[in-house]
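Q: Supplied structure: entry-v1.txt, compact mmCIF, C-alpha atoms.
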# COMPACT_ATOMS: atom_id res chain seq x y z
CA MET A 1 15.57 11.25 76.42
CA SER A 2 16.14 10.99 72.67
CA LEU A 3 17.19 7.70 71.09
CA TRP A 4 20.46 9.18 69.85
CA LYS A 5 21.36 10.33 73.34
CA ARG A 6 20.40 6.89 74.59
CA MET A 7 22.64 5.35 71.95
CA ARG A 8 25.61 7.23 73.42
CA THR A 9 24.61 6.02 76.86
CA CYS A 10 24.33 2.49 75.52
CA VAL A 11 28.06 2.33 74.86
CA HIS A 12 28.30 1.42 78.52
CA TYR A 13 25.35 -0.98 78.19
CA ALA A 14 23.10 1.08 80.42
CA VAL A 15 19.72 2.39 79.36
CA ARG A 16 17.83 4.92 81.44
CA SER A 17 14.26 5.89 80.61
CA PRO A 18 12.32 8.79 82.09
CA GLY A 19 9.74 8.13 84.76
CA SER A 20 9.87 5.13 87.00
CA ILE A 21 12.90 2.91 86.52
CA ARG A 22 13.59 -0.68 87.40
CA LEU A 23 17.03 -2.04 88.15
CA ILE A 24 17.57 -5.46 86.60
CA PHE A 25 20.38 -7.99 86.47
CA THR A 26 19.61 -10.34 83.65
CA CYS A 27 21.69 -13.48 83.64
CA SER A 28 21.30 -17.17 84.35
CA LYS A 29 23.12 -16.88 87.66
CA VAL A 30 21.62 -14.45 90.17
CA SER A 31 24.95 -13.57 91.72
CA SER A 32 26.66 -12.45 88.50
CA LYS A 33 26.31 -9.45 86.19
CA PHE A 34 28.77 -10.93 83.68
CA SER A 35 30.69 -8.05 82.11
CA LEU A 36 28.05 -5.32 82.27
CA GLU A 37 29.96 -2.17 83.05
CA GLU A 38 26.79 -0.67 84.54
CA PRO A 39 23.45 -2.21 85.52
CA VAL A 40 20.62 -1.78 83.04
CA PHE A 41 17.78 0.58 83.99
CA THR A 42 14.43 0.46 82.26
CA ASN A 43 10.83 1.43 82.89
CA PHE A 44 9.59 -2.11 82.31
CA ASP A 45 10.62 -5.56 83.46
CA VAL A 46 12.77 -6.74 80.59
CA ASN A 47 13.06 -10.20 82.14
CA LYS A 48 9.31 -10.67 81.79
CA VAL A 49 9.41 -9.33 78.25
CA ILE A 50 12.18 -11.74 77.25
CA GLY A 51 10.48 -14.68 78.93
CA SER A 52 7.13 -13.87 77.35
CA TYR A 53 8.39 -13.36 73.80
CA ALA A 54 10.95 -16.18 73.85
CA ARG A 55 8.18 -18.67 74.65
CA ASN A 56 5.59 -17.09 72.38
CA VAL A 57 4.70 -19.82 69.89
CA THR A 58 1.91 -17.76 68.28
CA THR A 59 4.14 -15.02 66.92
CA LYS A 60 4.42 -15.20 63.13
CA THR A 61 8.08 -16.09 62.87
CA SER A 62 8.22 -19.56 61.33
CA SER A 63 5.48 -18.74 58.79
CA PHE A 64 7.01 -15.44 57.65
CA ASN A 65 7.66 -15.66 53.91
CA PHE A 66 8.87 -13.66 50.96
CA HIS A 67 5.39 -12.45 50.02
CA ASP A 68 5.13 -10.67 53.38
CA LEU A 69 7.97 -8.38 52.27
CA ILE A 70 6.09 -7.20 49.20
CA GLN A 71 2.49 -7.34 50.43
CA PHE A 72 1.99 -3.55 50.31
CA GLY A 73 3.22 -3.16 46.74
CA ARG A 74 5.65 -0.63 45.37
CA PRO A 75 6.48 2.49 47.41
CA PRO A 76 5.34 4.98 48.34
CA ILE A 77 2.94 3.19 50.69
CA SER A 78 0.51 4.80 53.09
CA ASN A 79 1.28 5.70 56.70
CA GLU A 80 -1.39 3.22 57.76
CA ALA A 81 0.44 0.43 55.92
CA LEU A 82 3.76 1.47 57.48
CA ILE A 83 2.22 1.42 60.96
CA LEU A 84 0.71 -2.02 60.33
CA ASN A 85 4.06 -3.33 59.10
CA ALA A 86 5.86 -1.80 62.08
CA ARG A 87 3.50 -3.49 64.54
CA THR A 88 3.92 -6.84 62.82
CA ILE A 89 7.71 -6.82 62.58
CA ARG A 90 8.07 -5.50 66.15
CA GLU A 91 6.48 -8.73 67.42
CA ILE A 92 8.68 -10.89 65.19
CA ILE A 93 11.89 -9.02 66.02
CA LEU A 94 11.19 -9.07 69.75
CA THR A 95 10.54 -12.80 69.58
CA SER A 96 13.82 -13.43 67.75
CA LEU A 97 15.86 -11.16 70.03
CA SER A 98 14.31 -12.67 73.14
CA ARG A 99 14.99 -16.22 71.98
CA ARG A 100 18.63 -15.38 71.34
CA THR A 101 18.97 -13.64 74.70
CA LEU A 102 17.48 -16.64 76.49
CA ALA A 103 19.67 -19.04 74.50
CA LEU A 104 22.77 -17.08 75.53
CA ARG A 105 21.70 -17.22 79.17
CA ASN A 106 21.33 -20.99 78.90
CA LEU A 107 24.92 -21.51 77.74
CA PRO A 108 27.29 -22.99 80.32
CA TYR A 109 27.97 -20.35 82.96
CA ILE A 110 31.72 -20.33 82.31
CA MET A 111 31.09 -19.49 78.63
CA MET A 112 29.16 -16.40 79.67
CA LEU A 113 32.26 -15.20 81.48
CA ASN A 114 34.00 -15.00 78.10
CA PRO A 115 34.22 -11.28 77.22
CA ASN A 116 33.19 -11.82 73.59
CA ILE A 117 30.09 -13.84 74.44
CA SER A 118 29.06 -11.53 77.28
CA GLN A 119 29.46 -8.58 74.90
CA ILE A 120 26.99 -10.20 72.51
CA TYR A 121 24.62 -10.89 75.41
CA ASN A 122 24.74 -7.23 76.39
CA LYS A 123 23.94 -6.19 72.82
CA TYR A 124 20.89 -8.44 72.72
CA LEU A 125 19.70 -7.18 76.08
CA LEU A 126 20.08 -3.61 74.86
CA SER A 127 18.28 -4.40 71.59
CA VAL A 128 15.27 -5.95 73.35
CA ASN A 129 14.99 -2.81 75.46
CA MET A 130 15.19 -0.43 72.50
CA VAL A 131 12.76 -2.29 70.21
CA TYR A 132 10.22 -2.86 72.98
CA ASP A 133 10.38 0.70 74.32
CA SER A 134 10.46 2.53 70.97
CA GLY A 135 7.56 0.54 69.56
CA ALA A 136 5.32 0.55 72.64
CA LYS A 137 3.08 3.05 70.85
CA LEU A 138 2.75 2.78 67.08
CA GLU A 139 -0.14 4.92 65.90
CA THR A 140 1.28 7.93 64.07
CA LYS A 141 4.00 8.79 61.57
CA GLU A 142 6.08 10.21 64.42
CA ASP A 143 5.75 6.91 66.31
CA ASN A 144 7.00 5.03 63.26
CA ASP A 145 9.89 7.46 62.80
CA ARG A 146 10.97 6.82 66.40
CA PHE A 147 10.70 3.07 65.85
CA VAL A 148 12.75 3.31 62.62
CA GLN A 149 15.43 5.23 64.48
CA ALA A 150 15.65 2.42 67.04
CA LEU A 151 15.84 -0.24 64.31
CA GLN A 152 18.76 1.57 62.68
CA ILE A 153 20.63 1.61 65.98
CA VAL A 154 19.97 -2.10 66.53
CA VAL A 155 21.20 -3.00 63.04
CA GLU A 156 24.37 -0.95 63.51
CA THR A 157 24.97 -2.40 66.96
CA HIS A 158 24.93 -5.98 65.61
CA THR A 159 26.89 -5.37 62.41
CA ASN A 160 29.97 -7.34 63.51
CA ALA A 161 28.28 -9.48 66.15
CA ILE A 162 28.93 -12.79 64.36
CA PRO A 163 32.76 -12.47 64.30
CA THR A 164 32.67 -11.52 67.98
CA LEU A 165 30.45 -14.50 68.82
CA ALA A 166 32.63 -16.79 66.69
CA LYS A 167 35.73 -15.77 68.63
CA GLY A 168 33.92 -16.35 71.89
CA PHE A 169 32.88 -19.87 70.86
CA ALA A 170 36.37 -20.64 69.57
CA GLU A 171 37.83 -19.61 72.93
CA SER A 172 35.18 -21.62 74.84
CA GLN A 173 35.05 -24.79 72.75
CA THR A 174 36.31 -26.85 75.70
CA TYR A 175 33.04 -26.23 77.52
CA ILE A 176 30.50 -27.13 74.82
CA SER A 177 30.11 -30.05 72.42
CA GLY A 178 30.30 -29.72 68.67
CA ASP A 179 26.64 -30.74 68.24
CA ALA A 180 25.52 -28.18 70.81
CA THR A 181 27.60 -25.50 69.09
CA ASN A 182 26.10 -26.30 65.69
CA SER A 183 22.57 -26.30 67.09
CA PHE A 184 23.08 -22.96 68.84
CA LEU A 185 24.69 -21.26 65.84
CA ASP A 186 22.12 -22.61 63.35
CA ALA A 187 19.30 -21.07 65.38
CA HIS A 188 21.31 -17.91 66.04
CA LEU A 189 22.07 -17.28 62.36
CA HIS A 190 18.45 -17.91 61.34
CA ASP A 191 17.10 -15.43 63.89
CA ARG A 192 19.83 -12.90 63.08
CA ILE A 193 19.05 -13.01 59.36
CA GLY A 194 15.36 -12.42 60.05
CA THR A 195 15.96 -9.60 62.52
CA ARG A 196 18.31 -7.68 60.24
CA LEU A 197 16.19 -8.29 57.13
CA LEU A 198 12.94 -7.08 58.70
CA SER A 199 14.62 -4.10 60.37
CA LYS A 200 16.42 -2.88 57.25
CA HIS A 201 13.40 -3.62 55.05
CA HIS A 202 11.07 -1.51 57.20
CA VAL A 203 13.63 1.31 57.33
CA ALA A 204 13.90 1.19 53.52
CA LEU A 205 10.11 1.17 53.07
CA THR A 206 9.79 4.19 55.34
CA LYS A 207 12.47 6.14 53.48
CA GLN A 208 11.02 5.20 50.08
CA SER A 209 7.58 6.39 51.24
CA SER A 210 8.78 9.79 52.39
CA PRO A 211 7.11 12.69 50.52
CA SER A 212 10.52 13.97 49.44
CA ALA A 213 11.75 10.58 48.19
CA THR A 214 11.99 9.44 44.58
CA PRO A 215 12.08 5.66 45.04
CA ASP A 216 13.71 3.41 42.48
CA PRO A 217 10.78 1.56 40.83
CA ARG A 218 12.81 -1.66 40.91
CA PHE A 219 12.85 -1.79 44.71
CA ILE A 220 10.23 -2.62 47.32
CA GLY A 221 12.12 -1.99 50.52
CA LEU A 222 15.18 -4.23 50.25
CA VAL A 223 13.71 -6.38 47.49
CA ASP A 224 15.12 -5.81 44.01
CA THR A 225 12.32 -6.94 41.71
CA GLN A 226 14.68 -7.16 38.71
CA LEU A 227 17.84 -8.56 40.26
CA SER A 228 20.19 -10.07 37.66
CA PRO A 229 22.23 -12.99 39.03
CA ALA A 230 24.46 -12.82 35.96
CA ALA A 231 25.34 -9.16 36.52
CA LEU A 232 25.93 -9.86 40.19
CA CYS A 233 28.26 -12.76 39.36
CA ARG A 234 30.28 -10.61 36.96
CA GLU A 235 30.67 -7.80 39.49
CA ILE A 236 31.78 -10.18 42.24
CA ALA A 237 34.10 -12.09 39.91
CA GLY A 238 35.79 -8.86 38.85
CA PHE A 239 36.66 -8.00 42.43
CA LEU A 240 37.77 -11.53 43.32
CA SER A 241 39.93 -11.75 40.18
CA ASP A 242 41.75 -8.58 41.21
CA VAL A 243 42.53 -10.02 44.63
CA CYS A 244 43.67 -13.36 43.17
CA ASP A 245 45.99 -11.43 40.87
CA LEU A 246 47.41 -9.70 43.95
CA GLN A 247 47.84 -12.96 45.84
CA TYR A 248 48.86 -15.41 43.10
CA GLY A 249 49.88 -13.24 40.15
CA MET A 250 47.13 -14.93 38.15
CA ARG A 251 43.55 -13.97 37.32
CA PRO A 252 40.92 -16.72 37.25
CA SER A 253 38.05 -16.33 34.83
CA MET A 254 34.31 -16.92 34.95
CA ALA A 255 31.93 -17.74 32.11
CA ILE A 256 28.12 -17.67 32.10
CA ASP A 257 26.90 -20.28 29.65
CA VAL A 258 23.14 -20.00 30.27
CA GLY A 259 20.91 -17.41 31.90
CA GLU A 260 22.39 -14.01 31.04
CA ASP A 261 18.88 -12.53 30.75
CA VAL A 262 17.33 -14.12 33.86
CA THR A 263 16.07 -11.72 36.53
CA VAL A 264 14.50 -12.50 39.89
CA ALA A 265 12.89 -10.66 42.78
CA TYR A 266 15.22 -11.14 45.72
CA ILE A 267 17.30 -9.43 48.40
CA PRO A 268 20.59 -8.43 46.72
CA GLU A 269 22.57 -8.48 49.97
CA HIS A 270 21.68 -12.13 50.60
CA LEU A 271 22.49 -13.35 47.11
CA GLU A 272 25.70 -11.29 47.06
CA TYR A 273 26.94 -13.00 50.20
CA ILE A 274 26.16 -16.48 48.86
CA LEU A 275 27.75 -15.93 45.45
CA THR A 276 30.80 -14.16 46.88
CA GLU A 277 31.50 -17.05 49.23
CA LEU A 278 31.04 -19.71 46.55
CA LEU A 279 32.99 -17.90 43.82
CA LYS A 280 35.79 -17.15 46.27
CA ASN A 281 36.12 -20.85 47.06
CA SER A 282 35.96 -21.84 43.37
CA PHE A 283 38.52 -19.26 42.26
CA ARG A 284 40.95 -20.20 44.96
CA ALA A 285 40.59 -23.93 44.33
CA THR A 286 40.99 -23.44 40.56
CA ILE A 287 44.25 -21.48 40.87
CA GLU A 288 45.80 -23.62 43.57
CA HIS A 289 44.90 -26.79 41.69
CA PHE A 290 46.45 -25.38 38.53
CA LEU A 291 49.59 -24.40 40.42
CA LYS A 292 49.76 -27.91 41.91
CA MET A 293 49.31 -26.60 45.43
CA THR A 294 46.47 -28.96 46.40
CA PRO A 295 46.19 -32.67 47.29
CA ALA A 296 44.02 -33.14 44.20
CA SER A 297 46.64 -31.72 41.82
CA GLN A 298 49.33 -33.84 43.46
CA TYR A 299 47.07 -36.86 43.05
CA ARG A 300 46.68 -36.14 39.33
CA SER A 301 50.42 -35.68 38.87
CA LYS A 302 51.15 -38.92 40.70
CA HIS A 303 48.84 -40.85 38.36
CA GLY A 304 50.01 -39.13 35.18
CA MET A 305 46.75 -37.23 34.61
CA PRO A 306 46.96 -34.04 32.50
CA THR A 307 46.55 -30.70 34.26
CA GLY A 308 46.14 -28.29 31.33
CA THR A 309 48.12 -25.20 30.36
CA VAL A 310 45.74 -22.51 31.67
CA PRO A 311 43.25 -22.54 34.55
CA HIS A 312 39.78 -23.62 33.53
CA PRO A 313 37.11 -20.94 33.95
CA VAL A 314 34.44 -21.26 36.59
CA VAL A 315 31.24 -21.84 34.63
CA VAL A 316 27.97 -20.38 35.91
CA THR A 317 24.59 -21.63 34.72
CA ILE A 318 21.40 -19.75 35.68
CA VAL A 319 18.02 -21.38 35.07
CA ARG A 320 14.56 -20.08 35.91
CA THR A 321 12.38 -22.69 37.66
CA ALA A 322 8.69 -22.87 38.52
CA ASN A 323 9.26 -21.29 41.94
CA GLY A 324 12.53 -19.43 41.68
CA VAL A 325 15.96 -19.83 40.12
CA VAL A 326 18.81 -22.34 40.26
CA ILE A 327 22.39 -21.13 39.92
CA ARG A 328 25.08 -23.73 39.29
CA LEU A 329 28.78 -22.93 39.75
CA ARG A 330 31.09 -25.51 38.17
CA ASP A 331 34.83 -25.44 38.74
CA ARG A 332 37.84 -27.59 37.86
CA GLY A 333 39.56 -26.94 41.16
CA GLY A 334 40.35 -30.53 42.04
CA GLY A 335 37.29 -31.32 44.11
CA ILE A 336 37.03 -32.02 47.83
CA GLU A 337 38.47 -34.98 49.67
CA GLU A 338 35.88 -37.24 51.30
CA GLU A 339 37.20 -36.63 54.79
CA ASN A 340 36.82 -32.88 54.30
CA LEU A 341 33.46 -33.17 52.58
CA ARG A 342 31.86 -34.31 55.82
CA ARG A 343 33.00 -31.15 57.61
CA ILE A 344 32.54 -28.30 55.16
CA TRP A 345 29.10 -27.32 56.49
CA GLY A 346 30.36 -27.21 60.07
CA TYR A 347 31.37 -24.05 61.86
CA SER A 348 35.03 -23.04 62.16
CA GLU A 349 35.98 -25.10 59.09
CA SER A 350 37.95 -22.38 57.30
CA THR A 351 40.11 -22.49 54.19
CA PHE A 352 41.96 -19.46 55.47
CA GLU A 353 45.43 -20.01 56.90
CA GLU A 354 47.07 -17.77 59.46
CA GLU A 355 50.34 -17.57 57.58
CA GLU A 356 48.76 -16.28 54.40
CA ARG A 357 49.65 -12.81 53.23
CA ASP A 358 47.19 -9.95 53.63
CA GLY A 359 46.22 -10.22 49.97
CA PHE A 360 44.08 -13.28 50.47
CA LYS A 361 42.60 -11.94 53.69
CA THR A 362 41.03 -9.31 51.47
CA LEU A 363 39.41 -12.07 49.44
CA ASN A 364 37.30 -12.86 52.47
CA THR A 365 35.93 -9.31 52.74
CA PRO A 366 33.86 -7.90 49.85
CA PRO A 367 34.37 -4.15 49.43
CA PRO A 368 31.59 -1.57 49.91
CA SER A 369 31.23 -1.22 46.13
CA ILE A 370 29.84 -4.74 45.94
CA THR A 371 27.89 -5.22 49.13
CA GLY A 372 26.77 -1.65 49.48
CA THR A 373 27.12 -2.08 53.23
CA GLY A 374 30.89 -2.04 53.80
CA GLY A 375 32.72 -5.35 54.28
CA SER A 376 32.55 -7.68 57.22
CA ALA A 377 35.10 -9.32 59.42
CA MET A 378 33.87 -12.84 58.68
CA GLY A 379 36.86 -13.99 56.65
CA GLY A 380 38.77 -16.94 58.05
CA LEU A 381 36.27 -17.78 60.79
CA GLY A 382 34.85 -20.83 59.00
CA TYR A 383 31.30 -19.44 58.91
CA GLY A 384 31.15 -18.71 55.18
CA LEU A 385 29.42 -21.85 53.90
CA PRO A 386 27.10 -22.34 56.90
CA LEU A 387 25.99 -18.71 56.70
CA SER A 388 25.53 -18.96 52.93
CA ARG A 389 23.30 -21.98 53.44
CA ALA A 390 21.36 -20.14 56.15
CA TYR A 391 20.71 -17.25 53.75
CA ALA A 392 19.51 -19.62 51.02
CA GLU A 393 17.31 -21.63 53.37
CA TYR A 394 15.68 -18.63 55.03
CA PHE A 395 13.01 -18.44 52.30
CA GLY A 396 12.95 -22.16 51.56
CA GLY A 397 15.92 -22.41 49.20
CA SER A 398 18.98 -24.64 49.46
CA ILE A 399 22.64 -25.11 48.58
CA ASP A 400 23.74 -28.54 47.35
CA LEU A 401 27.18 -29.73 46.37
CA GLU A 402 28.58 -32.48 44.16
CA THR A 403 32.30 -33.08 43.97
CA CYS A 404 34.78 -35.41 42.32
CA PHE A 405 38.17 -35.48 43.99
CA GLY A 406 40.91 -34.88 41.46
CA TRP A 407 38.53 -33.11 39.09
CA GLY A 408 36.23 -30.40 40.43
CA THR A 409 33.05 -29.35 42.20
CA ASP A 410 29.54 -28.32 41.22
CA VAL A 411 27.51 -26.19 43.63
CA TYR A 412 23.77 -25.68 43.13
CA VAL A 413 22.10 -22.63 44.69
CA ASN A 414 18.31 -22.97 44.70
CA ILE A 415 16.60 -19.64 45.40
CA LYS A 416 12.84 -19.51 46.04
CA THR A 417 11.23 -16.30 44.81
CA PRO A 418 7.91 -15.12 43.31
CA GLN A 419 7.61 -15.42 39.54
CA ALA A 420 6.51 -11.85 39.00
CA ILE A 421 5.80 -8.71 41.04
Turn this file's structure into structure tokens for me.
A:
Amino acid sequence: MSLWKRMRTCVHYAVRSPGSIRLIFTCSKVSSKFSLEEPVFTNFDVNKVIGSYARNVTTKTSSFNFHDLIQFGRPPISNEALILNARTIREIILTSLSRRTLALRNLPYIMMLNPNISQIYNKYLLSVNMVYDSGAKLETKEDNDRFVQALQIVVETHTNAIPTLAKGFAESQTYISGDATNSFLDAHLHDRIGTRLLSKHHVALTKQSSPSATPDPRFIGLVDTQLSPAALCREIAGFLSDVCDLQYGMRPSMAIDVGEDVTVAYIPEHLEYILTELLKNSFRATIEHFLKMTPASQYRSKHGMPTGTVPHPVVVTIVRTANGVVIRLRDRGGGIEEENLRRIWGYSESTFEEEERDGFKTLNTPPPSITGTGGSAMGGLGYGLPLSRAYAEYFGGSIDLETCFGWGTDVYVNIKTPQAI
């Protein structure tokens, strides 16, 4: 049965393979199937696969680094190199998917009865099956094409998995502690980032290495070897300014004081998400502080401190370092109160309010013209800053913040990347 036909079958979370089949019920309680609409059929014991990979400490997951993405050089690359890469990432992806599946099983039983969480569990179960089955034989170009097809389905299946999982955790917060939630989501986001990155990177490498392809010399898979943070900031700021104009009738501005000519080798999608989240927060704080809508602006008014006649621009500084680049975003948005500062990196700490008009909801969803992947439904869930930090930390970077309540905030994005490719 073809993968595309199986994808249609997978809508009901059932996978049938030719030959011998094995009926499995995969959950932490033997007597429950959770919300599976049909049992899952497969020609291998997926429970053993999940258990084996989830506990596999030898798989190269923690040591995977940026250089592994570019080890084969610029496309086109040989079929042998594609096969080698496919075999390597299959092990890593199966390990990540299996760990997440096992972690979901180990949640309190009542949480797994939540339809949103059980839906995510079903998706992970399906993904393990597809990646394992499609990559069981990786020796020829046709084998790799079949594997790539499966990776594309897995990526599409999990596109909006985080908002679904977030809703499930919000509805089940009575049954799990805050520390346990943070620990689960930290690990989940890290594995998710790796799975999607490796999947999409291998798909891109395969397409760029096709005989009929004319690959952009700037790109190695998903890696843009000449990515301009300054150009990215301007593109994002233009979109966010339009939305602020819609919401507030005022357009904030951004200025780049240093680093217009700096380029780095990095994954554009990751840096776009980070900068969009941070600029969104800075723009909103700047306007609301100027309009005296924030505690900080009220504090300044109470103490007779000047507020200015126009909003101050958000100033971006980009500096090349020995092992990457540092991007500083400085705003005069009134800063963050100490009691809020302790919570901003936690999940479900959102600046979005339910009563806000649809205009600002759009501010939480970058359009396809910026991300290149269509928006996401993450806005207002409180995952923006934690996910931004997860993206930065995936290759050893960081996001640090300094704030002065009543004045403004500086955010430092440290990105680790090779000096030259």
Q: Near Asp216 of chain A, within 12 Å and counting all atoms listed in the file, which residues show up once chain neighbours fewer than 5 positions away are dropped, as a list of chain:residue names?
A: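 That gives A:Arg74, A:Pro75, A:Pro76, A:Ala204, A:Leu205, A:Lys207, A:Gln208, A:Ser209, A:Gly221, A:Leu222, A:Val223, A:Asp224, A:Thr225, A:Gln226.
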Q: Just C-alpha atoms for this one: save the residues we selected as a compact mmCIF listing (two decimals), in the frame of the given file.
A:
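Output contents, as saved in out33.txt:
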# COMPACT_ATOMS: atom_id res chain seq x y z
CA ARG A 74 5.65 -0.63 45.37
CA PRO A 75 6.48 2.49 47.41
CA PRO A 76 5.34 4.98 48.34
CA ALA A 204 13.90 1.19 53.52
CA LEU A 205 10.11 1.17 53.07
CA LYS A 207 12.47 6.14 53.48
CA GLN A 208 11.02 5.20 50.08
CA SER A 209 7.58 6.39 51.24
CA GLY A 221 12.12 -1.99 50.52
CA LEU A 222 15.18 -4.23 50.25
CA VAL A 223 13.71 -6.38 47.49
CA ASP A 224 15.12 -5.81 44.01
CA THR A 225 12.32 -6.94 41.71
CA GLN A 226 14.68 -7.16 38.71
Q: Looking at A:Glu402, A:Asp261, A:Asp410, A:Glu337, which one is nearest to Ala230 of chain A, with distances taken over all atoms listed in the file?
A: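 Using all atoms listed in the file, the shortest distance to Ala230 of chain A belongs to A:Asp261.
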Q: Could you state the separation of atom CA of Lys141 of chain A and atom CA of Lys200 of chain A in Å, given to one decimal place?
A: 17.6 Å
Q: Counting all atoms listed in the file, which of A:Gln173, A:Ser183, A:Thr417, A:Ser398 gets nearest to Asn323 of chain A?
A: A:Thr417
Q: For Glu260 of chain A, list every protein, DNA or RNA residue within 9 Å, evaluated using all atoms listed in the file, and leave out those in the same chain fewer than 6 positions away; present the list as a list of chain:residue names.
A: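 Here the answer would be A:Ser228, A:Pro229, A:Ala230, A:Ala231, A:Thr317, A:Ile318.
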Q: One decimal, in Å: what's the spacing between atom CA of Thr101 of chain A and atom CA of Thr195 of chain A?
A: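 These atoms are spaced 13.2 Å apart.
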Q: Using only C-alpha atoms, find the one residue out of A:Arg100, A:Thr140, A:Asn56, A:Leu278 that sits nearest to Tyr412 of chain A.
A: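 Going through A:Arg100, A:Thr140, A:Asn56, A:Leu278 one by one, the smallest distance to Tyr412 of chain A is for A:Leu278.
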Q: Between atom CA of Leu126 of chain A and atom CA of Val154 of chain A, what is the distance in Å, rounded to a tenth?
A: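 One can read the atom CA of Leu126 of chain A to atom CA of Val154 of chain A distance as 8.5 Å.
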Q: Need the neighbours of (19.8, -4.5, 59.0): which residues are at most 8 Å away, counting all atoms listed in the file, as JSON, numbers by chain?
A: {"A": [151, 152, 154, 155, 156, 159, 195, 196, 197, 198, 199, 200, 201]}
Q: Determine, counting all atoms listed in the file, which protein, DNA and RNA residues have an atom within 12 Å of an atom of Arg146 of chain A; residues of the same chain fewer than 2 positions away are not included. Present the result as JSON, numbers by chain.
A: {"A": [1, 2, 3, 4, 83, 86, 130, 131, 132, 133, 134, 135, 136, 137, 138, 139, 140, 141, 142, 143, 144, 148, 149, 150, 151, 152, 153, 203, 206]}
Q: Just want the 8 Å neighbourhood of Ala390 of chain A, counted on all atoms listed in the file, with same-chain residues fewer than 3 positions away dropped. Output as a PyMOL selection string.
A: chain A and resi 186+189-190+386-387+393-394
Q: Return the single residue from A:Leu125, A:Leu240, A:Ile220, A:Ala166 that is closest to Phe72 of chain A, with distances computed using only C-alpha atoms.
A: A:Ile220
Q: So, with all atoms listed in the file as the atoms that count, which of A:Phe283, A:Glu269, A:Ala81, A:Pro108 lies closest to Val243 of chain A?
A: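 Nearest to Val243 of chain A: A:Phe283.
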Q: How big is the axis-aligned box around the listed atoms of segment 334-342 of chain A once 8 Å is added on each side, and where is its centre? Give both in Å to one decimal, as AutoDock Vina command-line options.
A:
--center_x 36.1 --center_y -33.9 --center_z 48.9 --size_x 24.5 --size_y 22.7 --size_z 29.8
Q: Just want the 9 Å neighbourhood of Tyr273 of chain A, counted on all atoms listed in the file, with same-chain residues fewer than 4 positions away dropped. Output as a PyMOL selection string.
A: chain A and resi 268-269+277-278+366+371+384+387-388+391
Q: Please identify all polymer residues lying at most 10 Å from the point (37.2, -14.4, 70.0) (file coordinates), using all atoms listed in the file, and present the result as a ChimeraX atom specification.
A: /A:114-117,163-172,381
Q: N, CA, C and O atoms are needed for segment 164-173 of chain A; please write them out as an mmCIF file, keeping the file's coordinate frame.
A:
data_model
loop_
_atom_site.group_PDB
_atom_site.id
_atom_site.type_symbol
_atom_site.label_atom_id
_atom_site.label_comp_id
_atom_site.auth_asym_id
_atom_site.auth_seq_id
_atom_site.Cartn_x
_atom_site.Cartn_y
_atom_site.Cartn_z
ATOM 1 N N THR A 164 32.439 -11.564 66.533
ATOM 2 C CA THR A 164 32.670 -11.520 67.980
ATOM 3 C C THR A 164 32.190 -12.804 68.638
ATOM 4 O O THR A 164 32.880 -13.403 69.470
ATOM 5 N N LEU A 165 30.986 -13.252 68.256
ATOM 6 C CA LEU A 165 30.450 -14.500 68.820
ATOM 7 C C LEU A 165 31.311 -15.686 68.415
ATOM 8 O O LEU A 165 31.563 -16.591 69.225
ATOM 9 N N ALA A 166 31.788 -15.688 67.164
ATOM 10 C CA ALA A 166 32.630 -16.790 66.690
ATOM 11 C C ALA A 166 33.910 -16.896 67.509
ATOM 12 O O ALA A 166 34.342 -17.996 67.878
ATOM 13 N N LYS A 167 34.514 -15.759 67.813
ATOM 14 C CA LYS A 167 35.730 -15.770 68.630
ATOM 15 C C LYS A 167 35.431 -16.284 70.027
ATOM 16 O O LYS A 167 36.215 -17.034 70.613
ATOM 17 N N GLY A 168 34.293 -15.870 70.563
ATOM 18 C CA GLY A 168 33.920 -16.350 71.890
ATOM 19 C C GLY A 168 33.734 -17.856 71.927
ATOM 20 O O GLY A 168 34.190 -18.529 72.859
ATOM 21 N N PHE A 169 33.079 -18.419 70.908
ATOM 22 C CA PHE A 169 32.880 -19.870 70.860
ATOM 23 C C PHE A 169 34.202 -20.598 70.626
ATOM 24 O O PHE A 169 34.430 -21.674 71.171
ATOM 25 N N ALA A 170 35.068 -20.012 69.800
ATOM 26 C CA ALA A 170 36.370 -20.640 69.570
ATOM 27 C C ALA A 170 37.184 -20.695 70.856
ATOM 28 O O ALA A 170 37.891 -21.677 71.127
ATOM 29 N N GLU A 171 37.083 -19.656 71.669
ATOM 30 C CA GLU A 171 37.830 -19.610 72.930
ATOM 31 C C GLU A 171 37.183 -20.472 74.019
ATOM 32 O O GLU A 171 37.826 -20.778 75.015
ATOM 33 N N SER A 172 35.913 -20.866 73.808
ATOM 34 C CA SER A 172 35.180 -21.620 74.840
ATOM 35 C C SER A 172 34.829 -23.022 74.395
ATOM 36 O O SER A 172 33.978 -23.671 75.001
ATOM 37 N N GLN A 173 35.464 -23.509 73.320
ATOM 38 C CA GLN A 173 35.050 -24.790 72.750
ATOM 39 C C GLN A 173 35.266 -25.963 73.700
ATOM 40 O O GLN A 173 34.650 -27.024 73.538
#
